[in-house]
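Visitor: Input structure: start-v8.cif, which contains mmCIF, C-alpha atoms and all ligand atoms.
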data_work
loop_
_atom_site.label_atom_id
_atom_site.label_comp_id
_atom_site.auth_asym_id
_atom_site.auth_seq_id
_atom_site.Cartn_x
_atom_site.Cartn_y
_atom_site.Cartn_z
CA MET E 184 5.38 17.46 9.64
CA PRO E 185 8.95 17.59 8.34
CA GLU E 186 10.49 17.72 11.85
CA THR E 187 8.83 14.43 12.71
CA ASN E 188 10.08 12.84 9.51
CA ALA E 189 13.64 13.92 10.20
CA GLY E 190 13.28 12.44 13.69
CA PHE E 191 12.21 9.07 12.35
CA PHE E 192 14.36 8.80 9.29
CA GLY E 193 17.38 10.98 10.00
CA ALA E 194 18.59 13.79 7.81
CA ASP E 195 20.59 11.40 5.61
CA LEU E 196 17.46 9.40 4.87
CA ASP E 197 15.35 12.40 4.09
CA PRO E 198 12.74 11.18 1.60
CA GLY E 199 13.85 12.15 -1.89
CA GLU E 200 11.46 12.54 -4.79
CA GLY E 201 9.16 9.55 -4.98
CA ARG E 202 10.77 7.88 -1.98
CA LEU E 203 8.20 6.06 0.16
CA ARG E 204 7.92 5.60 3.90
CA LEU E 205 6.03 2.55 5.16
CA ALA E 206 5.00 1.88 8.76
CA VAL E 207 4.70 -1.73 9.95
CA GLN E 208 4.08 -3.36 13.33
CA ARG E 209 7.36 -3.79 15.16
CA SER E 210 6.44 -6.82 17.20
CA GLY E 211 3.06 -8.51 17.29
CA ARG E 212 0.65 -10.71 15.43
CA LEU E 213 1.13 -8.97 12.07
CA THR E 214 4.92 -8.69 12.14
CA ASP E 215 6.02 -12.06 10.70
CA ASP E 216 3.54 -12.05 7.84
CA THR E 217 4.26 -8.40 7.06
CA LEU E 218 8.03 -8.86 6.90
CA GLY E 219 7.55 -12.14 5.00
CA LEU E 220 5.49 -10.34 2.38
CA LEU E 221 8.00 -7.50 2.03
CA HIS E 222 10.84 -10.00 1.55
CA ALA E 223 8.72 -12.08 -0.86
CA ILE E 224 8.26 -9.07 -3.12
CA GLY E 225 12.02 -8.79 -3.31
CA LEU E 226 12.72 -5.94 -0.92
CA ASP E 227 16.16 -6.14 0.64
CA PHE E 228 16.32 -4.63 4.12
CA GLU E 229 17.38 -5.50 7.63
CA SER E 230 14.47 -6.26 9.92
CA TYR E 231 16.11 -7.62 13.01
CA GLY E 232 17.00 -5.96 16.29
CA GLN E 233 15.37 -3.03 17.97
CA ARG E 234 15.81 -0.65 15.08
CA LEU E 235 13.23 2.06 14.60
CA PHE E 236 13.50 2.12 10.83
CA SER E 237 15.38 0.50 7.99
CA HIS E 238 16.20 1.49 4.53
CA CYS E 239 15.58 -0.77 1.49
CA ARG E 240 18.73 -1.32 -0.50
CA ASN E 241 16.98 -2.05 -3.77
CA PHE E 242 13.79 0.06 -3.68
CA PRO E 243 13.11 3.72 -2.77
CA LEU E 244 11.42 2.74 0.48
CA SER E 245 12.12 3.26 4.18
CA ILE E 246 10.37 1.08 6.74
CA LEU E 247 9.32 2.42 10.14
CA TYR E 248 8.66 -0.10 12.92
CA GLY E 249 5.99 1.01 15.39
CA ARG E 250 3.09 0.06 17.65
CA ASP E 251 0.16 -1.01 15.53
CA ASP E 252 -2.13 1.51 17.28
CA ASP E 253 0.05 4.37 16.05
CA ILE E 254 0.12 3.31 12.40
CA PRO E 255 -3.29 4.70 11.34
CA GLY E 256 -2.31 8.11 12.74
CA TYR E 257 1.11 8.06 11.06
CA VAL E 258 -0.52 7.37 7.69
CA GLY E 259 -3.45 9.73 8.22
CA HIS E 260 -1.18 12.64 9.17
CA GLY E 261 1.40 11.93 6.49
CA THR E 262 4.25 11.05 8.84
CA VAL E 263 4.53 8.02 6.56
CA ASP E 264 3.05 7.43 3.09
CA LEU E 265 2.00 3.81 3.60
CA GLY E 266 1.11 1.49 6.43
CA ILE E 267 0.37 -2.19 6.96
CA VAL E 268 -2.14 -2.57 9.78
CA GLY E 269 -5.34 -4.35 10.76
CA ARG E 270 -8.44 -2.82 9.19
CA ASN E 271 -9.94 -2.86 12.71
CA LEU E 272 -7.49 -0.17 13.78
CA ILE E 273 -8.22 2.07 10.79
CA HIS E 274 -11.87 1.75 11.76
CA GLU E 275 -11.13 2.44 15.43
CA GLU E 276 -8.97 5.49 14.85
CA GLY E 277 -11.41 6.85 12.27
CA VAL E 278 -8.58 8.26 10.13
CA GLN E 279 -9.02 9.16 6.49
CA VAL E 280 -6.65 6.92 4.57
CA GLU E 281 -6.89 5.05 1.31
CA GLU E 282 -7.12 1.26 1.56
CA LEU E 283 -5.01 0.02 -1.36
CA LEU E 284 -5.09 -3.72 -0.86
CA PRO E 285 -6.25 -6.39 1.59
CA LEU E 286 -3.22 -8.58 2.29
CA GLY E 287 -4.75 -11.94 3.18
CA PHE E 288 -3.39 -12.35 6.71
CA GLY E 289 -4.28 -11.15 10.21
CA PHE E 290 -7.88 -12.28 9.77
CA CYS E 291 -10.14 -11.53 12.72
CA SER E 292 -13.58 -10.11 13.52
CA LEU E 293 -14.75 -7.42 15.88
CA ILE E 294 -17.75 -8.97 17.61
CA VAL E 295 -20.33 -8.27 20.28
CA ALA E 296 -20.41 -11.12 22.79
CA VAL E 297 -22.39 -11.85 25.97
CA LEU E 298 -22.20 -14.57 28.63
CA ARG E 299 -23.57 -17.87 27.36
CA ASP E 300 -26.58 -17.78 29.69
CA ALA E 301 -27.22 -14.04 29.46
CA PRO E 302 -30.73 -13.08 28.30
CA TYR E 303 -29.54 -11.09 25.26
CA ALA E 304 -30.21 -12.33 21.75
CA SER E 305 -29.27 -9.24 19.80
CA PRO E 306 -27.24 -6.04 20.28
CA ASP E 307 -30.52 -4.06 20.30
CA GLU E 308 -31.09 -5.34 23.83
CA LEU E 309 -27.76 -3.88 24.93
CA ARG E 310 -28.46 -0.33 23.84
CA SER E 311 -28.42 1.05 27.36
CA ARG E 312 -26.31 -1.62 29.08
CA ARG E 313 -22.62 -1.58 29.98
CA ILE E 314 -20.06 -2.68 27.37
CA ALA E 315 -16.38 -3.49 28.02
CA THR E 316 -14.03 -3.07 25.08
CA SER E 317 -10.56 -2.13 23.95
CA TYR E 318 -12.15 -0.57 20.85
CA PRO E 319 -14.24 2.22 22.43
CA ASN E 320 -14.69 4.29 19.27
CA SER E 321 -15.79 1.32 17.19
CA ALA E 322 -18.14 0.16 19.97
CA ARG E 323 -19.65 3.60 20.49
CA ARG E 324 -20.09 4.16 16.76
CA TYR E 325 -21.71 0.76 16.26
CA PHE E 326 -24.23 1.27 19.05
CA ALA E 327 -24.96 4.81 17.86
CA GLU E 328 -25.82 3.33 14.44
CA ILE E 329 -28.44 1.07 16.02
CA GLY E 330 -29.77 3.95 18.12
CA GLY E 331 -28.14 3.07 21.42
CA SER E 332 -25.79 4.78 23.86
CA PRO E 333 -24.51 2.10 26.23
CA GLU E 334 -21.98 2.88 28.91
CA ILE E 335 -18.58 2.05 27.39
CA VAL E 336 -15.86 0.81 29.73
CA THR E 337 -12.45 0.87 28.05
CA ILE E 338 -10.14 -1.95 29.12
CA SER E 339 -6.84 -2.52 27.35
CA GLY E 340 -6.34 -6.24 28.03
CA SER E 341 -8.36 -9.34 29.01
CA VAL E 342 -11.64 -7.72 28.04
CA GLU E 343 -13.14 -11.22 27.85
CA VAL E 344 -13.20 -11.64 31.64
CA ALA E 345 -15.29 -8.48 32.22
CA PRO E 346 -18.75 -10.12 31.90
CA SER E 347 -18.04 -13.02 34.27
CA LEU E 348 -16.60 -10.57 36.81
CA GLY E 349 -19.83 -8.59 36.60
CA LEU E 350 -18.00 -5.55 35.18
CA ALA E 351 -20.03 -5.46 31.97
CA ASP E 352 -23.10 -6.96 30.31
CA ALA E 353 -21.29 -7.53 27.03
CA ILE E 354 -17.99 -7.00 25.27
CA VAL E 355 -16.95 -5.66 21.89
CA GLU E 356 -13.69 -7.41 21.09
CA LEU E 357 -11.56 -9.03 18.39
CA THR E 358 -11.67 -12.74 17.87
CA ALA E 359 -9.95 -14.96 15.34
CA THR E 360 -10.76 -18.54 16.31
CA GLY E 361 -13.33 -17.91 19.03
CA SER E 362 -11.32 -19.97 21.53
CA THR E 363 -10.83 -17.11 24.02
CA LEU E 364 -14.58 -16.47 23.91
CA LEU E 365 -15.35 -20.11 24.63
CA LEU E 366 -12.83 -20.19 27.42
CA ASN E 367 -14.62 -17.27 29.07
CA ASP E 368 -18.09 -18.66 28.55
CA LEU E 369 -18.96 -16.02 25.98
CA ARG E 370 -21.35 -16.24 23.05
CA PRO E 371 -20.97 -13.93 20.03
CA ILE E 372 -24.24 -12.30 18.99
CA HIS E 373 -23.10 -9.91 16.27
CA THR E 374 -20.14 -9.15 13.98
CA VAL E 375 -19.34 -5.44 13.85
CA LEU E 376 -16.44 -5.70 11.40
CA GLU E 377 -14.53 -8.33 9.43
CA SER E 378 -10.85 -7.47 9.51
CA GLN E 379 -7.53 -8.45 7.99
CA ALA E 380 -4.21 -6.71 7.45
CA VAL E 381 -4.47 -4.03 4.78
CA LEU E 382 -2.03 -1.81 2.93
CA VAL E 383 -3.18 1.78 3.42
CA ALA E 384 -1.89 5.03 1.97
CA ASN E 385 -1.94 8.69 2.83
CA HIS E 386 -4.15 10.62 0.37
CA ALA E 387 -1.47 13.18 -0.45
CA ALA E 388 1.04 10.41 -1.20
CA VAL E 389 -1.31 8.83 -3.72
CA ALA E 390 -1.84 12.25 -5.31
CA ASP E 391 1.93 12.77 -5.70
CA ALA E 392 2.89 11.47 -9.16
CA ALA E 393 6.41 10.37 -8.23
CA LYS E 394 5.22 8.52 -5.11
CA LYS E 395 2.24 7.06 -6.94
CA ALA E 396 4.57 5.52 -9.53
CA ASN E 397 6.49 3.71 -6.79
CA ILE E 398 3.28 2.73 -4.97
CA ASP E 399 2.07 1.13 -8.22
CA ARG E 400 5.34 -0.79 -8.55
CA LEU E 401 4.85 -2.13 -5.02
CA LEU E 402 1.21 -3.04 -5.68
CA MET E 403 2.15 -4.91 -8.85
CA ARG E 404 4.69 -6.96 -6.90
CA VAL E 405 2.30 -7.72 -4.06
CA ASP E 406 -0.36 -8.80 -6.58
CA ALA E 407 2.14 -11.10 -8.30
CA VAL E 408 3.15 -12.80 -5.05
CA ARG E 409 -0.44 -13.15 -3.89
CA ALA E 410 -1.63 -14.48 -7.26
CA ALA E 411 1.19 -17.03 -7.27
CA LYS E 412 -0.02 -18.34 -3.91
CA ARG E 413 -3.47 -18.98 -5.36
CA TYR E 414 -2.16 -21.24 -8.14
CA LYS E 415 -0.13 -24.42 -8.60
CA TYR E 416 1.88 -25.10 -11.73
CA VAL E 417 0.91 -28.51 -13.13
CA MET E 418 2.63 -30.59 -15.80
CA MET E 419 1.28 -33.90 -17.06
CA ASN E 420 1.67 -36.37 -19.88
CA ALA E 421 -1.31 -37.60 -21.85
CA PRO E 422 -2.26 -39.30 -25.07
CA GLU E 423 -3.12 -36.73 -27.71
CA SER E 424 -6.63 -38.13 -27.89
CA ALA E 425 -7.22 -37.06 -24.26
CA LEU E 426 -6.48 -33.40 -24.99
CA PRO E 427 -10.05 -32.18 -25.54
CA ALA E 428 -11.16 -33.70 -22.21
CA ILE E 429 -8.11 -32.30 -20.41
CA ARG E 430 -8.70 -28.84 -21.82
CA ARG E 431 -12.22 -28.88 -20.46
CA VAL E 432 -10.86 -29.55 -16.95
CA VAL E 433 -7.97 -27.06 -17.09
CA PRO E 434 -8.61 -24.14 -19.35
CA GLY E 435 -5.28 -22.69 -18.11
CA LEU E 436 -4.80 -18.98 -17.61
CA LYS E 437 -5.39 -18.49 -21.33
CA ALA E 438 -4.88 -21.98 -22.80
CA PRO E 439 -2.62 -24.76 -21.55
CA THR E 440 0.78 -25.19 -23.17
CA VAL E 441 0.90 -28.43 -25.16
CA VAL E 442 4.28 -29.90 -26.12
CA PRO E 443 4.70 -33.05 -28.27
CA LEU E 444 6.66 -35.88 -26.60
CA ALA E 445 9.21 -38.16 -28.27
CA ASP E 446 6.64 -40.98 -28.16
CA PRO E 447 4.28 -40.50 -31.09
CA GLY E 448 0.71 -39.73 -30.07
CA TRP E 449 1.74 -38.39 -26.62
CA VAL E 450 1.90 -34.81 -25.38
CA ALA E 451 2.96 -32.89 -22.25
CA VAL E 452 0.44 -30.37 -20.95
CA HIS E 453 1.54 -27.43 -18.77
CA THR E 454 -0.99 -25.27 -16.98
CA ALA E 455 -1.81 -23.40 -13.75
CA ILE E 456 -4.61 -24.61 -11.47
CA GLU E 457 -6.24 -22.58 -8.73
CA GLU E 458 -5.58 -23.88 -5.23
CA ASP E 459 -9.30 -23.89 -4.35
CA ILE E 460 -10.18 -26.44 -7.03
CA PHE E 461 -6.84 -28.21 -7.09
CA TRP E 462 -7.67 -31.76 -5.92
CA GLU E 463 -10.94 -31.80 -7.75
CA SER E 464 -9.12 -30.88 -10.97
CA ILE E 465 -6.40 -33.51 -10.45
CA GLU E 466 -9.04 -36.23 -10.04
CA LYS E 467 -10.77 -35.11 -13.23
CA LEU E 468 -7.44 -34.96 -15.10
CA ARG E 469 -6.64 -38.54 -14.14
CA GLY E 470 -10.11 -39.53 -15.22
CA ALA E 471 -9.51 -37.81 -18.56
CA GLY E 472 -6.33 -39.85 -19.16
CA ALA E 473 -3.51 -37.67 -17.78
CA THR E 474 -0.57 -39.52 -16.21
CA GLU E 475 2.72 -38.55 -14.55
CA ILE E 476 1.23 -35.41 -13.10
CA LEU E 477 3.87 -33.11 -11.64
CA VAL E 478 2.91 -30.21 -9.41
CA SER E 479 5.02 -27.27 -8.25
CA SER E 480 4.53 -24.02 -6.42
CA LEU E 481 4.72 -20.72 -8.22
CA GLU E 482 6.82 -17.91 -6.86
CA LYS E 483 5.35 -15.02 -8.79
CA LEU E 484 2.51 -14.73 -11.29
CA MET E 485 1.88 -11.66 -13.41
CA LEU E 486 -1.62 -11.87 -14.84
P1 LIG U 501 1.29 -3.46 19.61
O1 LIG U 501 2.34 -3.81 20.60
O2 LIG U 501 1.88 -3.23 18.24
O3 LIG U 501 0.37 -2.37 20.05
P2 LIG U 501 -0.98 -5.26 20.01
O4 LIG U 501 -0.71 -6.21 21.12
O5 LIG U 501 -1.88 -4.10 20.22
O6 LIG U 501 0.43 -4.80 19.41
P3 LIG U 501 -1.57 -7.57 18.37
O7 LIG U 501 -2.20 -8.42 19.41
O8 LIG U 501 -0.21 -7.93 17.88
O9 LIG U 501 -1.60 -6.03 18.77
O10 LIG U 501 -2.60 -7.55 17.14
C1 LIG U 501 -2.30 -6.84 15.98
C2 LIG U 501 -3.45 -7.02 15.00
O11 LIG U 501 -3.58 -8.39 14.67
C3 LIG U 501 -4.83 -6.63 15.50
O12 LIG U 501 -5.06 -5.24 15.42
C4 LIG U 501 -5.71 -7.38 14.52
O13 LIG U 501 -5.82 -6.66 13.31
C5 LIG U 501 -4.91 -8.65 14.23
N1 LIG U 501 -5.43 -9.87 14.88
C6 LIG U 501 -5.57 -11.07 14.28
N2 LIG U 501 -6.08 -11.98 15.10
C7 LIG U 501 -6.29 -11.39 16.28
C8 LIG U 501 -6.81 -11.83 17.54
N3 LIG U 501 -7.21 -13.06 17.76
N4 LIG U 501 -6.84 -10.92 18.54
C9 LIG U 501 -6.39 -9.67 18.35
N5 LIG U 501 -5.92 -9.21 17.17
C10 LIG U 501 -5.86 -10.06 16.13
ZN ZN U 502 -1.60 -2.28 19.75
#
Would you encode the structure as structure tokens?

Guide:
Amino acid sequence: MPETNAGFFGADLDPGEGRLRLAVQRSGRLTDDTLGLLHAIGLDFESYGQRLFSHCRNFPLSILYGRDDDIPGYVGHGTVDLGIVGRNLIHEEGVQVEELLPLGFGFCSLIVAVLRDAPYASPDELRSRRIATSYPNSARRYFAEIGGSPEIVTISGSVEVAPSLGLADAIVELTATGSTLLLNDLRPIHTVLESQAVLVANHAAVADAAKKANIDRLLMRVDAVRAAKRYKYVMMNAPESALPAIRRVVPGLKAPTVVPLADPGWVAVHTAIEEDIFWESIEKLRGAGATEILVSSLEKLML
């Protein structure tokens, strides 16, 4: 739809060859992490104010700010090439887009929940009951899969109060920590979908060689920033005799870097350790004879 594109991006920002258009949530739960990620991968753009779109100064990318509910449609119809949105909304809108990468934020689950004392143990028992939800398509599709056709009541906010008000027997709703469920005396009985923010692409954009080249450049940068977050850079001093034991604890990405120190018989070891096993590894390193252990964060890591 070229008219729509001109409306969003203006004639002067008409996408040139390979130029990408990315839709992100303007203001909501995903906004800070999304903009943080785009800045972390080195994109230079203005994100403040009520602007509808901005233009990267150092990458062939324009960013459209919109309601999250609209993003799946924008990407599916090709109004934009890329979008960052919760997987739950891709599922809800049922659009055909390509999921390029999960982004590691905006974690939540779409669950079926009932009142704590309600006599339902599984969604099977709700197949012909009444369900309140703000995700009617996802709810209907889920119950159809288990052979049910409950009455679906679509509510756009505060779905969690529906059961205690007697408006519904159960809800299908998003939860991250479960605290809103607890507050409303609700008990989850099934997870329909695990969600997080994802980078999605329009199929035609991925099939366009010039756009694909720029999409790959973006993906490489996102991977580097995300990989860097998983690792710490660790430097330590150790007697040379401790090296075999140290190497068993920290194999390094390939092998650790070992540098001789001015003191004879001593070396400095540099390596990267995964966050998940960080403290465990540090304890083992000390046990193996490492001293003066220095730890720093990585900014980017190209594996
Ligand atoms: P918009 O004004 O853009 O339509 P919204 O109010 O519909 O925003 P938000 O509440 O900002 O949407 O949620 C955006 C996304 O954040 C959700 O689609 C979901 O992927 C994710 N999310 C993470 N945790 C939660 C949660 N506890 N409840 C709802 N959404 C969550
Ligand atoms: Zn929304």

Visitor: With only C-alpha atoms as the counted atoms, please give the residues lying no more than 12 Å from Leu244 (chain E), apart from itself and same-chain residues fewer than 3 positions off, as a compact mmCIF listing (two decimals) with C-alpha atoms, in the coordinates of the input.

Guide:
# COMPACT_ATOMS: atom_id res chain seq x y z
CA PHE E 192 14.36 8.80 9.29
CA LEU E 196 17.46 9.40 4.87
CA ASP E 197 15.35 12.40 4.09
CA PRO E 198 12.74 11.18 1.60
CA GLY E 199 13.85 12.15 -1.89
CA GLU E 200 11.46 12.54 -4.79
CA GLY E 201 9.16 9.55 -4.98
CA ARG E 202 10.77 7.88 -1.98
CA LEU E 203 8.20 6.06 0.16
CA ARG E 204 7.92 5.60 3.90
CA LEU E 205 6.03 2.55 5.16
CA ALA E 206 5.00 1.88 8.76
CA LEU E 221 8.00 -7.50 2.03
CA LEU E 226 12.72 -5.94 -0.92
CA ASP E 227 16.16 -6.14 0.64
CA PHE E 228 16.32 -4.63 4.12
CA PHE E 236 13.50 2.12 10.83
CA SER E 237 15.38 0.50 7.99
CA HIS E 238 16.20 1.49 4.53
CA CYS E 239 15.58 -0.77 1.49
CA ARG E 240 18.73 -1.32 -0.50
CA ASN E 241 16.98 -2.05 -3.77
CA LEU E 247 9.32 2.42 10.14
CA VAL E 263 4.53 8.02 6.56
CA ASP E 264 3.05 7.43 3.09
CA LEU E 265 2.00 3.81 3.60
CA GLY E 266 1.11 1.49 6.43
CA LYS E 394 5.22 8.52 -5.11
CA ASN E 397 6.49 3.71 -6.79
CA ILE E 398 3.28 2.73 -4.97
CA ARG E 400 5.34 -0.79 -8.55
CA LEU E 401 4.85 -2.13 -5.02

Visitor: Can you tell me which residues come within 8 Å of ligand ZN 502 (chain U) when counting all atoms listed in the file, ideally as a PyMOL selection string?

Guide: chain E and resi 250-253

Visitor: Enumerate as a PyMOL selection string the residues within 10 Å of ligand LIG 501 (chain U), counting all atoms listed in the file.

Guide: chain E and resi 207-214+248-254+267-273+275+288-293+317+339-340+356-363+377-381

Visitor: Could you tell me which of E:Glu276, E:Asp307, E:Asp446, E:Asp399 comes closest to Gly330 (chain E) if we count only C-alpha atoms?

Guide: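 Residue with the minimum atom-to-atom distance to Gly330 (chain E): E:Asp307.
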
Visitor: Measuring atom to atom with only C-alpha atoms, identify which of E:Glu343, E:Gly435, E:Val408, E:Leu481 is nearest to His222 (chain E).

Guide: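 Closest to His222 (chain E), using only C-alpha atoms: E:Val408.
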
Visitor: Could you check which of E:Thr337, E:Val295, E:Ala384, E:Glu458 is closest to Tyr257 (chain E), using only C-alpha atoms?

Guide: E:Ala384

Visitor: Please report the interatomic distance between CA of Asn385 (chain E) and CA of Val258 (chain E) in Å with one decimal.

Guide: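 So the two atoms, CA of Asn385 (chain E) and CA of Val258 (chain E), lie 5.2 Å apart.
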
Visitor: Using Å and a single decimal, report how far CA of Lys467 (chain E) sits from CA of Leu486 (chain E).

Guide: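 If I compute the distance from CA of Leu486 (chain E) to CA of Lys467 (chain E), I get 25.0 Å.
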
Visitor: What is the CA of Ala388 (chain E)-CA of His260 (chain E) distance in Å, reported with one decimal?

Guide: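 It comes out at 10.8 Å.
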
Visitor: Taking (-18.7, -2.4, 31.4) in the file's own coordinates, collect the residues within 12 Å, counting all atoms listed in the file, and hand them back as a ChimeraX atom specification.

Guide: /E:297,309,311-317,319,322,333-338,342-355

Visitor: With distances taken over all atoms listed in the file, which residue among E:Val442, E:Leu426, E:Ala421, E:Val383 lies nearest Gln279 (chain E)?

Guide: E:Val383

Visitor: For each of E:Ile246, E:Ala451, E:Pro302, E:Met403, take the minimum atom-to-atom distance to Glu229 (chain E), counting only C-alpha atoms, then give the residue where this is smallest.

Guide: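 Using only C-alpha atoms, Glu229 (chain E) sits closest to E:Ile246.
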
Visitor: Using all atoms listed in the file, pick whichever of E:Thr474, E:Ser321, E:Asn420, E:Asn367 has the shortest atom-to-atom distance to Gly448 (chain E).

Guide: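 Between E:Thr474, E:Ser321, E:Asn420, E:Asn367, the residue approaching Gly448 (chain E) most closely is E:Asn420.
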
Visitor: Give as a PyMOL selection string the set of residues within 12 Å of the point (-6.6, -25.9, -8.3), where distances use the file's coordinates and all atoms listed in the file.

Guide: chain E and resi 411-417+432-436+454-468+478-480

Visitor: Restore N, CA, C and O atoms in region 246-263 of chain E and list the result as a PDB file, in the frame of the given file.

Guide:
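After the write, out_11.pdb holds the following:
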ATOM      1  N   ILE E 246      11.370   1.783   5.938  1.00  0.00           N
ATOM      2  CA  ILE E 246      10.370   1.080   6.740  1.00  0.00           C
ATOM      3  C   ILE E 246      10.485   1.544   8.188  1.00  0.00           C
ATOM      4  O   ILE E 246      11.565   1.502   8.772  1.00  0.00           O
ATOM      5  N   LEU E 247       9.363   1.987   8.734  1.00  0.00           N
ATOM      6  CA  LEU E 247       9.320   2.420  10.140  1.00  0.00           C
ATOM      7  C   LEU E 247       8.631   1.325  10.951  1.00  0.00           C
ATOM      8  O   LEU E 247       7.561   0.848  10.571  1.00  0.00           O
ATOM      9  N   TYR E 248       9.254   0.925  12.059  1.00  0.00           N
ATOM     10  CA  TYR E 248       8.660  -0.100  12.920  1.00  0.00           C
ATOM     11  C   TYR E 248       7.990   0.595  14.104  1.00  0.00           C
ATOM     12  O   TYR E 248       8.644   1.362  14.810  1.00  0.00           O
ATOM     13  N   GLY E 249       6.685   0.316  14.303  1.00  0.00           N
ATOM     14  CA  GLY E 249       5.990   1.010  15.390  1.00  0.00           C
ATOM     15  C   GLY E 249       4.935   0.152  16.047  1.00  0.00           C
ATOM     16  O   GLY E 249       4.734  -1.009  15.678  1.00  0.00           O
ATOM     17  N   ARG E 250       4.249   0.717  17.043  1.00  0.00           N
ATOM     18  CA  ARG E 250       3.090   0.060  17.650  1.00  0.00           C
ATOM     19  C   ARG E 250       1.976   0.092  16.626  1.00  0.00           C
ATOM     20  O   ARG E 250       1.771   1.108  15.962  1.00  0.00           O
ATOM     21  N   ASP E 251       1.217  -0.983  16.547  1.00  0.00           N
ATOM     22  CA  ASP E 251       0.160  -1.010  15.530  1.00  0.00           C
ATOM     23  C   ASP E 251      -0.862   0.119  15.733  1.00  0.00           C
ATOM     24  O   ASP E 251      -1.344   0.703  14.767  1.00  0.00           O
ATOM     25  N   ASP E 252      -1.127   0.465  17.007  1.00  0.00           N
ATOM     26  CA  ASP E 252      -2.130   1.510  17.280  1.00  0.00           C
ATOM     27  C   ASP E 252      -1.728   2.863  16.703  1.00  0.00           C
ATOM     28  O   ASP E 252      -2.575   3.722  16.460  1.00  0.00           O
ATOM     29  N   ASP E 253      -0.421   3.073  16.538  1.00  0.00           N
ATOM     30  CA  ASP E 253       0.050   4.370  16.050  1.00  0.00           C
ATOM     31  C   ASP E 253       0.023   4.461  14.524  1.00  0.00           C
ATOM     32  O   ASP E 253       0.091   5.559  13.963  1.00  0.00           O
ATOM     33  N   ILE E 254      -0.036   3.305  13.855  1.00  0.00           N
ATOM     34  CA  ILE E 254       0.120   3.310  12.400  1.00  0.00           C
ATOM     35  C   ILE E 254      -0.988   4.080  11.663  1.00  0.00           C
ATOM     36  O   ILE E 254      -0.696   4.883  10.777  1.00  0.00           O
ATOM     37  N   PRO E 255      -2.264   3.912  12.053  1.00  0.00           N
ATOM     38  CA  PRO E 255      -3.290   4.700  11.340  1.00  0.00           C
ATOM     39  C   PRO E 255      -3.012   6.208  11.407  1.00  0.00           C
ATOM     40  O   PRO E 255      -3.137   6.909  10.399  1.00  0.00           O
ATOM     41  N   GLY E 256      -2.602   6.681  12.580  1.00  0.00           N
ATOM     42  CA  GLY E 256      -2.310   8.110  12.740  1.00  0.00           C
ATOM     43  C   GLY E 256      -1.115   8.539  11.896  1.00  0.00           C
ATOM     44  O   GLY E 256      -1.149   9.593  11.263  1.00  0.00           O
ATOM     45  N   TYR E 257      -0.059   7.726  11.878  1.00  0.00           N
ATOM     46  CA  TYR E 257       1.110   8.060  11.060  1.00  0.00           C
ATOM     47  C   TYR E 257       0.701   8.246   9.599  1.00  0.00           C
ATOM     48  O   TYR E 257       1.146   9.160   8.922  1.00  0.00           O
ATOM     49  N   VAL E 258      -0.135   7.314   9.107  1.00  0.00           N
ATOM     50  CA  VAL E 258      -0.520   7.370   7.690  1.00  0.00           C
ATOM     51  C   VAL E 258      -1.495   8.534   7.470  1.00  0.00           C
ATOM     52  O   VAL E 258      -1.346   9.315   6.522  1.00  0.00           O
ATOM     53  N   GLY E 259      -2.450   8.672   8.372  1.00  0.00           N
ATOM     54  CA  GLY E 259      -3.450   9.730   8.220  1.00  0.00           C
ATOM     55  C   GLY E 259      -2.818  11.117   8.213  1.00  0.00           C
ATOM     56  O   GLY E 259      -3.211  11.986   7.432  1.00  0.00           O
ATOM     57  N   HIS E 260      -1.811  11.313   9.074  1.00  0.00           N
ATOM     58  CA  HIS E 260      -1.180  12.640   9.170  1.00  0.00           C
ATOM     59  C   HIS E 260      -0.043  12.826   8.198  1.00  0.00           C
ATOM     60  O   HIS E 260       0.525  13.906   8.119  1.00  0.00           O
ATOM     61  N   GLY E 261       0.337  11.782   7.485  1.00  0.00           N
ATOM     62  CA  GLY E 261       1.400  11.930   6.490  1.00  0.00           C
ATOM     63  C   GLY E 261       2.800  11.810   7.060  1.00  0.00           C
ATOM     64  O   GLY E 261       3.777  12.129   6.386  1.00  0.00           O
ATOM     65  N   THR E 262       2.922  11.333   8.296  1.00  0.00           N
ATOM     66  CA  THR E 262       4.250  11.050   8.840  1.00  0.00           C
ATOM     67  C   THR E 262       4.909   9.961   7.989  1.00  0.00           C
ATOM     68  O   THR E 262       6.104   9.970   7.746  1.00  0.00           O
ATOM     69  N   VAL E 263       4.079   9.009   7.549  1.00  0.00           N
ATOM     70  CA  VAL E 263       4.530   8.020   6.560  1.00  0.00           C
ATOM     71  C   VAL E 263       3.524   8.043   5.399  1.00  0.00           C
ATOM     72  O   VAL E 263       2.419   8.581   5.531  1.00  0.00           O
TER      73      VAL E 263
END
